[in-house]
Structure formats: structure tokens, C-alpha cells
Amino acid sequence: MKAAFYEGHESIATGSCTPVNPSAGQVQIRVSHCGICGTDLHIFHGNMDHRVKLPQIIGHEMSGTIEAVGDDVSQWTVGDRVTVRPLDHCGACPACKAGHSHICMNLKFIGIDSPGAMQELWTVPAHTLHRLPSNLTLEQAALIEPLAVACHDVRLGEVKAGEYVVILGAGPIGLLIAMVTRAAGANVLLADVNPFRVELASGLGLNAVDARTVDLVALVNEQTGGAGADCVFEVSGAKAATETMTKLPRTRGRIVIVAIHPQPTPVDLFRFFWRELRLVGARVYEAQDFNQAIDMAASGTLPLNKIITKTVPLEGLAEAFREMESGGEVMKILVRCPA
Ligand SMILES: NC(=O)c1ccc[n+]([C@@H]2O[C@H](COP(=O)([O-])OP(=O)(O)OC[C@H]3O[C@@H](n4cnc5c(N)ncnc54)[C@H](O)[C@@H]3O)[C@@H](O)[C@H]2O)c1
Ligand SMILES: [Zn+2]
Ligand SMILES: [Zn+2]
């Protein structure tokens with residue numbers, strides 16, 4: 001069967017591999033669609049070479065149908081439509097014992113630390129599965145994983161109806177956070193430096209501005225009567241945004257760090273003291289976030305289709321990576337994985 005492999009620094013190839021029969025506690029999924037994520041780009045650039053095993057099958061934002069089940073798997077049957085929460089925890093470390101198995105100290109992220117979904121048949125632990133409602137298409141269901149990230153972020157940010165929320169970065173994750181906060185009844189301001197993404201967000205009825213030309217601090221103060229934002233999400237990974245983020249919250253406001261900042265970044269700690277701010281880290285998701293994401297997607301109220309720029313075959317992956325990196329008119333690209 002066909003699979004897409006990361007073969008080492010900036011090399012992606014489509015080749016063949018042998019399906020893995022599900023052993024006890026596992027299921028084999030016929031993969032339908034798999035979204036390309038920023039993490040896949042990090043792998044592509046060799047930033048995760050210490051974690052991947054070459055050649056590595058990548059991908060983790062997927063949907064599909066169960067093809068086979070291993071022994072001891074009772075809740076799932078062949079033909080079930082599913083998505084995978086790609087986290088494998090140890091169950092024994094202090095984080096797991098404290099109930100935080102999603103950030104297990106020995107966490108294996110499936111698709112980085114073990115083979116991913118960009119193949120025709122993918123074998124994973126049954127405990128990672130979530131059932132898809134029949135009214136959700138398999139294309140839409142490939143967005144459940146990033147939508148679950150957004151649900152987790154908004155939950156940890158404790159966003160309430162009527163609050164004023166600023167989101168720095170209108171990539172797929174920032175846009176999904178905007179959709180979830182709007183659904184929670186908050187007023188949302190999105191900022192990005194990519195005009196295509198600002199325009200796309202505006203087209204979805206979101207209040208979106210270009211961070212290069214708009215004075216965000218002045219705008220937020222103007223729109224909140226000088227109070228500041230209730231909650232700010234840093235979803236850009238950009239140094240300029242970490243400089244702005246501390247200037248935006250109201251007294252006792254929150255800042256949620258969603259973006260990955262691989263290097264230590266200077267942050268104005270004085271503002272935390274002065275306004276009694278709270279800084280919250282948010283990493284991946286828990287089962288309840290996946291459940292919420294599935295419910296929200298199935299409700300049909302989120303414009304999910306609008307963030308899918310296009311769908312390409314497995315062979316189109318390398319070209320799709322180049323397109324995503326060109327900083328051009330791209331939001332989410334899906335890969336079609338069937339035979
Ligand atoms: N917390 C988690 O578990 C988790 C999960 C998925 C992704 N992430 C991280 O979240 C971030 C966002 O993911 P994504 O897929 O949307 O990435 P992305 O790179 O597509 O989006 C980032 C956006 O930030 C914009 N940006 C750059 N500089 C900016 C600035 N100064 N002000 C405002 N916007 C600016 C970019 O134009 C881009 O649109 C990434 O860092 C990613 O690694 C974290
Ligand atoms: Zn992802
Ligand atoms: Zn653990």
C-alpha cells in the first residue's frame with residue numbers, strides 16, 4: 001500500500017509499505033483524509049529528527065473507517081467512522097497519576113514518535129479513537145484534531161460569553177480558536193500579518209486586522225472603553241506578538257500561550273505584576289476537547305469548509321509543503337489517502 005515518508009532533511013517521498021495487523025487493543029483504520037499541520041512542516045525541516053525514525057510516515061489530523069480490530073477490542077467494529085486523538089501516554093508518571101495524561105511526561109505523539117496517518121491503512125491503539133457522527137463528512141472530520149486544540153485552549157482560557165478576546169495569529173489554529181470563542185458568545189479580535197489570512201477571517205464575519213498597519217493596543221483600548229481585553233491568545237509564535245500580548249489584557253486578564261516558542265522569549269513581566277495578569281499554557285487536548293470539537297463540527301454552525309484551501313493526493317505532499325511555506329494564499333491543505 002501507499003504511504004508518504006519523511007526521508008530526512010526536507011525530503012518527502014511517496015512509497016509503499018506493509019500494513020500492520022492490529023494486535024490486542026489495537027485497530028486498523030482505512031485513512032480517508034489527513035490535514036497537513038505546522039508540526040509536519042517542523043518534521044520536514046529536520047527540527048524533530050531526534051524523535052522520528054527514518055523513513056517516517058507523518059500525519060495526525062485524520063479521519064477514516066475501521067478496517068480491522070485486534071483482540072480485546074469490544075467497543076469498535078469494522079466500518080465505524082472514526083478520528084484519532086494521537087496521544088499515547090504511559091499511565092505511570094506523575095503527570096498521568098495527577099490526571100494530566102495528555103501531557104504525560106513520557107508522552108508519545110502518534111505521527112511523530114511513531115508512524116502517522118499518511119498511509120492507506122493505519123494501526124493505532126483503540127483508546128485513541130473517537131466516533132464520528134454520520135452527518136460529518138470525512139473531509140470535515142480531518143479538522144477535528146486542530147478544532148480540539150482550539151477547544152482546549154478556549155477551555156483553559158476560561159472564556160465566557162460577553163468577554164473581549166484577542167487572538168494573535170490567524171493561521172488554522174487561531175482561526176479555529178476564533179470560531180470557538182465566538183460560539184461561546186465572546187467578542188473576538190483577530191490579528192495577523194498575512195493579508196490573505198486577514199481577508200479570509202473577515203470573510204467569515206470575524207473582526208480581523210493586519211497587525212502591521214493597525215495599532216492593536218490603541219484599538220483594543222478603544223473597543224473596551226480603556227479596560228483592555230479579558231483574554232489574549234498567542235497563536236503566532238512571533239516575537240513581535242509576544243511583545244504586544246502583555247500590553248493588551250485588562251486588570252486580572254489572561255494570556256494563553258498556544259504557539260510553540262522553541263527558544264526562550266523575553267516577556268514583559270512587569271505587566272503581570274502591575275495588572276495582576278495570569279499566564280496560561282495550553283498543550284494539545286483531552287478527550288473532552290475532542291468530544292466538544294466533534295459536537296461543534298457536527299452542529300454545522302462552524303464554517304469549517306472555508307478553511308480547507310484544497311485537497312491533494314498523497315503524491316502532492318511535497319508540493320503542498322512548498323506552497324504552505326511560500327506564505328501565500330493557503331490555510332489548511334488536506335491529503336487524500338485512499339488506494
Ligand atoms: N498548543 C498546542 O498543542 C499546539 C497545537 C497545534 C499547533 N500549535 C502551535 O500553534 C501555532 C499556530 O499554529 P498554526 O497551524 O495556526 O500555524 P501558522 O504558522 O499557520 O499560523 C501562525 C500565524 O501567525 C501569523 N503571524 C506571524 N507573525 C505575527 C504577528 N506579529 N502578529 C500576528 N500574527 C502573526 C502568521 O502570518 C500565521 O498566519 C504554531 O506555533 C503551532 O506550532 C500548538
Ligand atoms: Zn496538528
Ligand atoms: Zn505518563
# chains A, B, ... in the order shown; residues from 1 in each chain; ligands from 1

$ residues_around --residues "A:Cys231" --least-positions-apart "4" --cutoff "8 Å" --atoms "only C-alpha atoms" --output "ChimeraX atom specification"
/A:157,159,163-166,249,253-256

$ residues_near_ligand --ligand "ligand 1" --cutoff "7 Å" --atoms "only C-alpha atoms and all ligand atoms" --output "VMD selection string"
chain A and resid 37 to 39 146 149 168 to 174 191 to 194 197 211 235 to 241 258 to 261 282 to 284 331

$ residues_near_ligand --ligand "ligand 3" --cutoff "12 Å" --atoms "only C-alpha atoms and all ligand atoms" --output "list in words"
Leu87, Asp88, His89, Cys90, Gly91, Ala92, Cys93, Pro94, Ala95, Cys96, Lys97, Ala98, Gly99, His100, Ser101, His102, Ile103, Cys104, Met105, Asn106, Leu107 and Lys108 of chain A

$ closest_residue --among "A:Ala126, A:Leu190, A:Ile177, A:Leu143" --to "ligand 2" --atoms "only C-alpha atoms and all ligand atoms"
A:Leu143

$ atom_distance --atom1 "atom CA of A:Pro125" --atom2 "atom CA of A:Gly70"
9.5 Å

$ residues_around --residues "A:Asn221" --least-positions-apart "6" --cutoff "12 Å" --atoms "only C-alpha atoms" --output "MDAnalysis selection string"
chainID A and resid 164 166 215 227:230 247:250

$ select_by_dssp --residues "stretch 34-218 of chain A" --states "helix (DSSP H, G or I)" --output "PyMOL selection string"
chain A and resi 38-44+94-97+101-103+126-128+138-141+144-156+172-183+195-203+216-218

$ closest_residue --among "A:Thr246, A:Thr65, A:Thr18, A:Gln140" --to "A:Pro303" --atoms "only C-alpha atoms"
A:Gln140

$ residues_around --residues "A:Lys2" --least-positions-apart "5" --cutoff "10 Å" --atoms "only C-alpha atoms" --output "list in words"
Thr14, Gly15, Ser16, Cys17, Thr18, Pro19, Met118, Gln119, Glu120, Leu121, Leu314, Glu315, Cys337, Pro338 and Ala339 of chain A

$ residues_around --residues "stretch 316-330 of chain A" --least-positions-apart "3" --cutoff "8 Å" --atoms "only C-alpha atoms" --output "VMD selection string"
chain A and resid 4 11 to 13 41 194 196 to 197 309 312 to 313 333 335

$ residues_around --residues "A:Ser74" --least-positions-apart "6" --cutoff "12 Å" --atoms "only C-alpha atoms" --output "MDAnalysis selection string"
chainID A and resid 24:27 68 126:127

$ write_last_selection --atoms "N, CA, C and O atoms" --output "PDB file, in the first residue's frame"
ATOM      1  N   ALA A  24      -3.619  -7.071  19.994  1.00  0.00           N
ATOM      2  CA  ALA A  24      -4.616  -6.866  21.057  1.00  0.00           C
ATOM      3  C   ALA A  24      -4.662  -5.394  21.437  1.00  0.00           C
ATOM      4  O   ALA A  24      -3.622  -4.748  21.591  1.00  0.00           O
ATOM      5  N   GLY A  25      -5.873  -4.845  21.542  1.00  0.00           N
ATOM      6  CA  GLY A  25      -6.038  -3.449  21.955  1.00  0.00           C
ATOM      7  C   GLY A  25      -5.836  -2.448  20.849  1.00  0.00           C
ATOM      8  O   GLY A  25      -5.877  -1.240  21.086  1.00  0.00           O
ATOM      9  N   GLN A  26      -5.606  -2.922  19.633  1.00  0.00           N
ATOM     10  CA  GLN A  26      -5.378  -2.002  18.511  1.00  0.00           C
ATOM     11  C   GLN A  26      -6.473  -2.113  17.460  1.00  0.00           C
ATOM     12  O   GLN A  26      -7.178  -3.127  17.392  1.00  0.00           O
ATOM     13  N   VAL A  27      -6.574  -1.087  16.626  1.00  0.00           N
ATOM     14  CA  VAL A  27      -7.461  -1.155  15.460  1.00  0.00           C
ATOM     15  C   VAL A  27      -6.668  -0.698  14.238  1.00  0.00           C
ATOM     16  O   VAL A  27      -5.712   0.063  14.353  1.00  0.00           O
ATOM     17  N   ALA A  68     -10.084  -3.213  10.507  1.00  0.00           N
ATOM     18  CA  ALA A  68      -9.896  -4.459  11.271  1.00  0.00           C
ATOM     19  C   ALA A  68      -9.705  -4.113  12.743  1.00  0.00           C
ATOM     20  O   ALA A  68      -9.205  -3.027  13.069  1.00  0.00           O
ATOM     21  N   ALA A 126      -6.689   1.347  20.338  1.00  0.00           N
ATOM     22  CA  ALA A 126      -8.140   1.619  20.301  1.00  0.00           C
ATOM     23  C   ALA A 126      -8.524   2.755  21.244  1.00  0.00           C
ATOM     24  O   ALA A 126      -9.516   3.446  20.998  1.00  0.00           O
ATOM     25  N   HIS A 127      -7.726   2.979  22.307  1.00  0.00           N
ATOM     26  CA  HIS A 127      -8.099   4.038  23.262  1.00  0.00           C
ATOM     27  C   HIS A 127      -7.986   5.433  22.661  1.00  0.00           C
ATOM     28  O   HIS A 127      -8.436   6.411  23.268  1.00  0.00           O
TER      29      HIS A 127
END
